[in-house]
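Okay, structure_33.txt is below, compact mmCIF, C-alpha atoms:
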# COMPACT_ATOMS: atom_id res chain seq x y z
CA MET A 26 -273.92 198.93 -69.52
CA GLU A 27 -270.54 200.59 -68.89
CA GLU A 28 -269.70 197.93 -66.39
CA LEU A 29 -270.58 195.23 -68.88
CA LYS A 30 -268.35 196.80 -71.51
CA SER A 31 -265.52 197.09 -69.03
CA GLU A 32 -265.98 193.49 -68.00
CA LEU A 33 -265.91 192.42 -71.66
CA ARG A 34 -262.59 194.24 -72.18
CA ARG A 35 -261.13 192.81 -69.01
CA LEU A 36 -262.11 189.27 -69.97
CA ALA A 37 -260.72 189.72 -73.49
CA GLU A 38 -257.42 191.04 -72.17
CA GLU A 39 -257.24 188.26 -69.63
CA GLU A 40 -257.89 185.66 -72.35
CA ALA A 41 -255.30 187.28 -74.62
CA LYS A 42 -252.76 187.21 -71.79
CA ARG A 43 -253.53 183.54 -71.13
CA ILE A 44 -253.12 182.71 -74.84
CA ILE A 45 -249.74 184.49 -75.00
CA GLU A 46 -248.54 182.89 -71.77
CA GLU A 47 -249.49 179.44 -73.05
CA ALA A 48 -247.73 180.14 -76.38
CA ASP A 49 -244.68 181.32 -74.51
CA GLU A 50 -244.68 178.17 -72.43
CA GLU A 51 -245.12 175.99 -75.53
CA SER A 52 -242.28 177.85 -77.30
CA ARG A 53 -239.99 177.25 -74.35
CA ARG A 54 -240.97 173.57 -74.29
CA ILE A 55 -240.25 173.22 -78.04
CA LEU A 56 -236.85 174.90 -77.69
CA ALA A 57 -235.94 172.89 -74.61
CA GLN A 58 -236.84 169.69 -76.43
CA ALA A 59 -234.77 170.78 -79.43
CA GLU A 60 -231.80 171.55 -77.21
CA ASP A 61 -232.17 168.14 -75.62
CA GLU A 62 -232.25 166.47 -79.05
CA ALA A 63 -229.26 168.53 -80.18
CA LYS A 64 -227.34 167.41 -77.09
CA LYS A 65 -228.31 163.81 -77.76
CA ALA A 66 -227.16 164.14 -81.39
CA THR A 67 -223.82 165.53 -80.20
CA GLU A 68 -223.50 162.72 -77.67
CA ARG A 69 -224.32 160.11 -80.33
CA ARG A 70 -221.65 161.60 -82.58
CA ARG A 71 -219.17 161.65 -79.69
CA GLN A 72 -219.85 157.99 -78.95
CA GLU A 73 -219.62 157.06 -82.63
CA THR A 74 -216.28 158.89 -82.93
CA GLY A 75 -215.15 157.17 -79.73
CA ARG A 76 -215.99 153.77 -81.23
CA LYS A 77 -214.11 154.63 -84.44
CA LEU A 78 -211.11 155.75 -82.40
CA ALA A 79 -211.15 152.60 -80.26
CA GLU A 80 -211.15 150.45 -83.40
CA LYS A 81 -208.38 152.55 -84.96
CA GLU A 82 -206.34 152.25 -81.77
CA ARG A 83 -206.86 148.49 -81.66
CA VAL A 84 -205.68 148.08 -85.27
CA GLU A 85 -202.79 150.57 -85.09
CA LEU A 86 -201.41 149.30 -81.79
CA ALA A 87 -201.67 145.69 -82.92
CA SER A 88 -199.74 146.66 -86.04
CA ALA A 89 -197.17 148.52 -83.91
CA ARG A 90 -196.73 145.47 -81.67
CA ILE A 91 -196.19 143.27 -84.74
CA GLU A 92 -193.66 145.78 -86.07
CA ALA A 93 -191.96 145.88 -82.64
CA ARG A 94 -191.71 142.08 -82.54
CA ARG A 95 -190.41 142.09 -86.14
CA ARG A 96 -187.63 144.57 -85.26
CA ILE A 97 -186.54 142.49 -82.26
CA SER A 98 -186.84 139.26 -84.22
CA ASN A 99 -184.71 140.73 -87.05
CA VAL A 100 -181.86 141.43 -84.64
CA LYS A 101 -182.05 137.92 -83.19
CA SER A 102 -182.22 136.34 -86.68
CA LYS A 103 -179.26 138.42 -87.84
CA TYR A 104 -177.06 137.10 -85.05
CA LEU A 105 -178.40 133.56 -85.28
CA ASN A 106 -177.53 133.49 -88.98
CA GLN A 107 -174.13 135.03 -88.23
CA VAL A 108 -173.46 132.24 -85.69
CA PHE A 109 -174.14 129.57 -88.31
CA ILE A 110 -172.25 131.33 -91.11
CA GLU A 111 -169.21 131.75 -88.88
CA ALA A 112 -169.52 128.19 -87.48
CA GLU A 113 -169.63 126.89 -91.06
CA ASN A 114 -166.50 128.88 -91.95
CA ARG A 115 -164.66 127.48 -88.94
CA LEU A 116 -165.75 123.93 -89.74
CA LYS A 117 -164.56 124.38 -93.35
CA GLU A 118 -161.18 125.48 -92.03
CA ILE A 119 -160.99 122.55 -89.59
CA ALA A 120 -161.88 120.11 -92.38
CA ASN A 121 -159.49 121.60 -94.91
CA LYS A 122 -156.60 121.56 -92.47
CA LYS A 123 -157.56 118.01 -91.50
CA THR A 124 -156.75 118.77 -87.91
CA SER A 125 -156.68 116.08 -85.27
CA THR A 126 -160.04 117.41 -84.08
CA TYR A 127 -161.47 116.77 -87.54
CA GLN A 128 -160.01 113.30 -87.75
CA LYS A 129 -161.35 112.44 -84.31
CA ALA A 130 -164.75 113.76 -85.31
CA MET A 131 -164.69 111.70 -88.53
CA VAL A 132 -163.96 108.54 -86.53
CA ASN A 133 -166.88 109.31 -84.24
CA TYR A 134 -169.14 110.12 -87.19
CA VAL A 135 -168.41 106.76 -88.77
CA ALA A 136 -168.83 104.88 -85.48
CA ASP A 137 -172.11 106.67 -84.66
CA ALA A 138 -173.47 105.99 -88.15
CA VAL A 139 -172.56 102.31 -88.06
CA LYS A 140 -174.18 101.89 -84.65
CA SER A 141 -177.42 103.17 -86.13
CA LEU A 142 -177.39 100.76 -89.06
CA GLU A 143 -177.78 96.99 -89.36
CA GLY A 144 -175.15 94.81 -91.03
CA ASN A 145 -171.46 93.95 -90.90
CA THR A 146 -170.01 95.66 -93.92
CA PHE A 147 -170.42 99.35 -94.58
CA MET A 148 -169.35 101.69 -97.29
CA ILE A 149 -168.05 105.10 -96.24
CA GLN A 150 -168.42 108.06 -98.56
CA ILE A 151 -165.94 110.84 -97.91
CA ARG A 152 -164.75 114.00 -99.65
CA ARG A 153 -162.00 113.77 -102.24
CA GLN A 154 -159.86 115.97 -99.96
CA ASP A 155 -160.19 113.45 -97.13
CA GLN A 156 -158.76 110.53 -99.14
CA PRO A 157 -155.28 110.86 -97.54
CA ILE A 158 -156.71 110.32 -94.03
CA ALA A 159 -159.40 107.80 -95.05
CA ASP A 160 -157.54 104.58 -94.16
CA ARG A 161 -156.52 105.91 -90.77
CA ILE A 162 -160.10 106.99 -89.99
CA LEU A 163 -161.56 103.64 -90.98
CA GLU A 164 -158.96 101.78 -88.92
CA LEU A 165 -159.67 103.88 -85.83
CA ALA A 166 -163.43 103.59 -86.35
CA GLU A 167 -163.23 99.80 -86.65
CA LYS A 168 -161.20 99.67 -83.45
CA SER A 169 -163.65 101.93 -81.65
CA LEU A 170 -166.60 99.83 -82.79
CA SER A 171 -164.83 96.64 -81.88
CA LYS A 172 -164.31 97.95 -78.34
CA SER A 173 -168.04 98.45 -78.07
CA GLY A 174 -168.67 94.89 -79.31
CA LYS A 175 -169.48 95.60 -82.92
CA ASN A 176 -167.06 93.90 -85.32
CA VAL A 177 -167.59 95.33 -88.76
CA THR A 178 -165.77 95.81 -92.04
CA LEU A 179 -165.55 99.35 -93.31
CA LYS A 180 -164.72 100.22 -96.90
CA ILE A 181 -164.20 103.51 -98.65
CA SER A 182 -166.94 104.05 -101.19
CA PRO A 183 -165.78 104.77 -104.75
CA THR A 184 -168.40 107.53 -104.81
CA GLN A 185 -167.03 110.72 -103.35
CA MET A 186 -169.31 113.16 -101.66
CA ASN A 187 -169.54 116.88 -102.19
CA SER A 188 -169.74 118.32 -98.71
CA LEU A 189 -168.04 120.61 -96.23
CA GLY A 190 -166.87 117.61 -94.24
CA GLY A 191 -168.02 114.45 -92.50
CA VAL A 192 -169.20 111.14 -93.90
CA ILE A 193 -172.12 109.29 -95.43
CA VAL A 194 -172.24 105.67 -94.34
CA HIS A 195 -174.34 103.08 -96.15
CA THR A 196 -174.77 99.37 -96.29
CA GLU A 197 -173.34 97.50 -99.26
CA ASP A 198 -176.79 97.06 -100.78
CA MET A 199 -177.38 100.80 -100.17
CA ARG A 200 -180.74 100.05 -98.53
CA GLN A 201 -179.71 101.81 -95.36
CA TYR A 202 -177.67 104.94 -95.07
CA TYR A 203 -176.69 107.49 -92.49
CA VAL A 204 -175.75 111.06 -93.41
CA ASN A 205 -173.26 112.43 -90.94
CA THR A 206 -171.93 115.46 -92.77
CA PHE A 207 -171.21 118.91 -91.40
CA GLU A 208 -174.28 120.19 -93.24
CA SER A 209 -176.62 117.62 -91.71
CA ARG A 210 -175.12 118.13 -88.27
CA LEU A 211 -175.37 121.92 -88.61
CA ALA A 212 -179.05 121.57 -89.57
CA LYS A 213 -179.69 119.23 -86.67
CA THR A 214 -177.82 121.48 -84.27
CA ARG A 215 -179.94 124.39 -85.45
CA SER A 216 -183.24 122.59 -84.98
CA GLU A 217 -182.36 120.82 -81.74
CA ASN A 218 -180.32 123.50 -79.99
CA LEU A 219 -181.97 126.69 -81.13
CA GLY A 220 -183.13 127.46 -77.60
CA LYS A 221 -179.70 126.89 -76.12
CA ILE A 222 -178.01 128.97 -78.86
CA MET A 223 -180.43 131.87 -78.33
CA GLU A 224 -179.96 131.54 -74.58
CA THR A 225 -176.19 131.81 -75.08
CA LEU A 226 -176.54 134.82 -77.37
CA LEU A 227 -178.89 136.65 -75.01
CA LYS A 228 -177.03 135.81 -71.80
CA SER A 229 -176.67 138.93 -69.63
CA MET B 109 -275.20 206.65 -72.24
CA SER B 110 -273.95 203.46 -73.73
CA THR B 111 -276.18 201.73 -76.13
CA ILE B 112 -276.51 198.15 -77.26
CA ARG B 113 -274.52 199.19 -80.32
CA ASP B 114 -271.64 200.24 -78.05
CA LEU B 115 -271.79 196.89 -76.36
CA ILE B 116 -271.63 195.09 -79.68
CA ASP B 117 -268.67 197.26 -80.70
CA GLU B 118 -266.97 196.44 -77.44
CA GLU B 119 -267.53 192.74 -78.04
CA LYS B 120 -266.01 193.11 -81.50
CA ARG B 121 -262.96 194.80 -79.95
CA ALA B 122 -262.74 192.02 -77.40
CA ARG B 123 -262.79 189.38 -80.17
CA LEU B 124 -260.15 191.36 -82.05
CA ILE B 125 -257.90 191.43 -78.96
CA ILE B 126 -258.22 187.66 -78.60
CA SER B 127 -257.72 187.09 -82.33
CA GLU B 128 -254.57 189.22 -82.30
CA ALA B 129 -253.31 187.31 -79.27
CA GLU B 130 -253.97 184.02 -81.08
CA ASP B 131 -252.07 185.27 -84.15
CA ARG B 132 -249.16 186.34 -81.97
CA ALA B 133 -249.20 183.02 -80.15
CA ARG B 134 -249.15 181.10 -83.45
CA LYS B 135 -246.23 183.22 -84.62
CA MET B 136 -244.37 182.62 -81.34
CA ILE B 137 -244.84 178.86 -81.68
CA ASP B 138 -243.89 178.89 -85.38
CA ASP B 139 -240.73 180.85 -84.51
CA ALA B 140 -239.90 178.40 -81.76
CA ARG B 141 -240.39 175.42 -84.12
CA ARG B 142 -238.20 177.05 -86.78
CA LYS B 143 -235.48 177.75 -84.22
CA ALA B 144 -235.78 174.21 -82.90
CA ASP B 145 -235.44 172.72 -86.39
CA GLU B 146 -232.44 174.90 -87.08
CA LEU B 147 -230.84 173.95 -83.76
CA ILE B 148 -231.22 170.22 -84.44
CA ARG B 149 -230.09 170.58 -88.06
CA ASN B 150 -227.02 172.57 -87.04
CA SER B 151 -226.18 170.12 -84.32
CA GLU B 152 -226.40 167.17 -86.72
CA ALA B 153 -224.36 168.97 -89.33
CA ASP B 154 -221.72 170.19 -86.90
CA GLU B 155 -218.62 168.07 -87.54
CA SER B 156 -216.25 170.30 -85.61
CA VAL B 157 -216.63 168.47 -82.29
CA ALA B 158 -216.11 165.08 -83.93
CA ILE B 159 -213.14 166.37 -85.94
CA GLU B 160 -211.52 167.76 -82.80
CA GLN B 161 -212.23 164.55 -80.88
CA MET B 162 -210.81 162.47 -83.73
CA ALA B 163 -207.69 164.64 -83.98
CA ARG B 164 -207.12 164.37 -80.24
CA GLY B 165 -207.68 160.61 -80.30
CA GLU B 166 -205.39 160.08 -83.28
CA SER B 167 -202.67 162.07 -81.59
CA GLU B 168 -202.98 159.83 -78.51
CA ILE B 169 -202.82 156.71 -80.68
CA ALA B 170 -199.72 158.03 -82.45
CA LYS B 171 -198.06 158.63 -79.07
CA LYS B 172 -198.87 155.09 -77.90
CA ARG B 173 -197.60 153.67 -81.20
CA GLU B 174 -194.36 155.62 -80.91
CA ALA B 175 -193.94 154.43 -77.32
CA ILE B 176 -194.30 150.78 -78.39
CA LEU B 177 -191.78 151.19 -81.21
CA ARG B 178 -189.37 153.19 -79.03
CA GLU B 179 -189.51 150.45 -76.41
CA SER B 180 -188.86 147.77 -79.05
CA ASP B 181 -185.93 149.76 -80.44
CA GLU B 182 -184.42 149.98 -76.97
CA GLU B 183 -184.97 146.24 -76.53
CA ALA B 184 -183.41 145.61 -79.97
CA LYS B 185 -180.36 147.69 -79.00
CA LYS B 186 -179.97 145.71 -75.79
CA ILE B 187 -180.27 142.43 -77.73
CA ASP B 188 -177.75 143.68 -80.29
CA TYR B 189 -175.28 144.46 -77.51
CA LEU B 190 -175.74 141.07 -75.81
CA CYS B 191 -175.56 139.11 -79.07
CA LYS B 192 -172.38 140.92 -80.12
CA ARG B 193 -170.83 140.16 -76.74
CA ASN B 194 -171.88 136.47 -76.71
CA LEU B 195 -171.39 135.74 -80.42
CA GLU B 196 -168.08 133.90 -80.02
CA GLU B 197 -169.46 131.66 -77.29
CA ALA B 198 -172.48 130.76 -79.44
CA ILE B 199 -170.26 129.97 -82.44
CA ASP B 200 -168.01 127.78 -80.27
CA PHE B 201 -171.09 126.00 -78.98
CA VAL B 202 -172.35 125.24 -82.50
CA VAL B 203 -168.93 124.11 -83.74
CA SER B 204 -168.53 121.86 -80.75
CA CYS B 205 -172.03 120.41 -81.29
CA VAL B 206 -171.20 119.62 -84.92
CA LEU B 207 -167.85 118.08 -84.00
CA GLY B 208 -169.52 116.14 -81.21
CA GLU B 209 -167.23 117.47 -78.54
CA GLY B 210 -169.10 116.70 -75.37
CA HIS B 211 -172.46 117.55 -76.91
CA GLU B 212 -175.24 115.56 -78.42
CA HIS B 213 -174.25 114.19 -81.83
CA GLY B 214 -176.06 115.17 -84.97
CA GLY B 215 -176.54 113.13 -88.11
CA ALA B 216 -179.56 111.79 -89.96
Now that the file is in, can you turn its structure into structure tokens?
Amino acid sequence: MEELKSELRRLAEEEAKRIIEEADEESRRILAQAEDEAKKATERRRQETGRKLAEKERVELASARIEARRRISNVKSKYLNQVFIEAENRLKEIANKKTSTYQKAMVNYVADAVKSLEGNTFMIQIRRQDQPIADRILELAEKSLSKSGKNVTLKISPTQMNSLGGVIVHTEDMRQYYVNTFESRLAKTRSENLGKIMETLLKS
Amino acid sequence: MSTIRDLIDEEKRARLIISEAEDRARKMIDDARRKADELIRNSEADESVAIEQMARGESEIAKKREAILRESDEEAKKIDYLCKRNLEEAIDFVVSCVLGEGHEHGGA
């Protein structure tokens, strides 16, 4: 009987030990799983923050590059505008002094305009200030055109033009006209020679 | 001499030992589950790692942004110097284009 009692106690203690060991193992498994989930949560957050940062970087650096281009472009624009402002001032001076360069240019302007138009008689609009040199310009232009085989009659238009310099040439019926003023030539120079002007400005 | 009664008492003690072990085991597992829940909750609520990562990342972005702008400012200074130096030549070129001195004529 004593042996049986002892065996009962031993079995009970053994079972109790097994139950505690299993619980201990289960507890460890639960905690290990929780730690794993916690690590995964941290990793998910890290990746999410990384994605947010990448997007922020993309936006901020794109904005910085735009700002950088704007700063460089502002400097180039400043000088480009300065070139045209100063060129305009010099042309005004040339026109107002009616230099030989201006008169030669006027002759060429008239001849170029006439060559682009059809007809034999053309009206030339000039500035009021250019009236004193008008006859001489027309005479030289007619001669120049004649040399190139185009015999035309040029007349000073009663309408005077308001311009920095140059001419507007039109046919008598005013159906065709050619604007060859400093303003039009400056605009054309700007659009056609922008690359060359920038190249000159940025030459090392 | 042990009696049957003693044996029954011993069996009761044995059952009690097992029952106590089962109670302790349940408590151990409950504790573990509570700790696990707390661990996961804390981890999800913990913003400090993300805040630190964000601060570090933003500082890097700011440095890159400054580098881009610094580089463009240096480039702008170089352009300013060149443009200043070549301004006269560019003006002469435009004037000569307008006057038609050896360049393509304008007009419209």
Tell me which protein, DNA and RNA residues are within 8 Å of A:Ile44, counting all atoms listed in the file, leaving out same-chain ones fewer than 4 positions away, and put them as a PDB file with C-alpha atoms, in the coordinates of the input.
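Dumped to part.pdb:
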ATOM      1  CA  GLU A  40    -257.890 185.660 -72.350  1.00  0.00           C
ATOM      2  CA  ALA A  48    -247.730 180.140 -76.380  1.00  0.00           C
TER       3      ALA A  48
ATOM      4  CA  ALA B 129    -253.310 187.310 -79.270  1.00  0.00           C
ATOM      5  CA  GLU B 130    -253.970 184.020 -81.080  1.00  0.00           C
ATOM      6  CA  ALA B 133    -249.200 183.020 -80.150  1.00  0.00           C
TER       7      ALA B 133
END
Shortest contact to A:Ala120, candidates A:Asn133, A:Gln154, A:Asn176, A:Ser52, atoms counted only C-alpha atoms, goes to A:Gln154
- Task: Could you list the residues in chain A lying within 7 Å of chain B, using all atoms listed in the file, and format the result as a VMD selection string?
- Result: chain A and resid 26 to 27 30 33 to 34 37 to 38 40 to 41 44 to 45 48 to 49 51 to 52 55 to 56 59 62 to 63 66 to 67 70 to 71 74 78 82 86 89 to 90 93 96 to 97 100 104 108 111 to 112 116 130 203 to 207 209 to 211 213 to 214 222 225 to 229
Expressed in Å, the length from atom CA of A:Arg161 to atom CA of A:Arg200 is 26.1 Å
Assuming 4 Å of padding per side, give the centre and edge lengths of the axis-aligned box around every listed atom of stretch 142-149 of chain B, in Å to one decimal and as AutoDock Vina command-line options.
--center_x -234.1 --center_y 174.0 --center_z -85.5 --size_x 16.1 --size_y 15.5 --size_z 13.2
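Here atom CA of A:Val84 stands at a distance of 26.3 Å from atom CA of A:Ser102.
Atom CA of A:Met223 to atom CA of A:Lys101 spans 7.9 Å [interatomic distance, one decimal].
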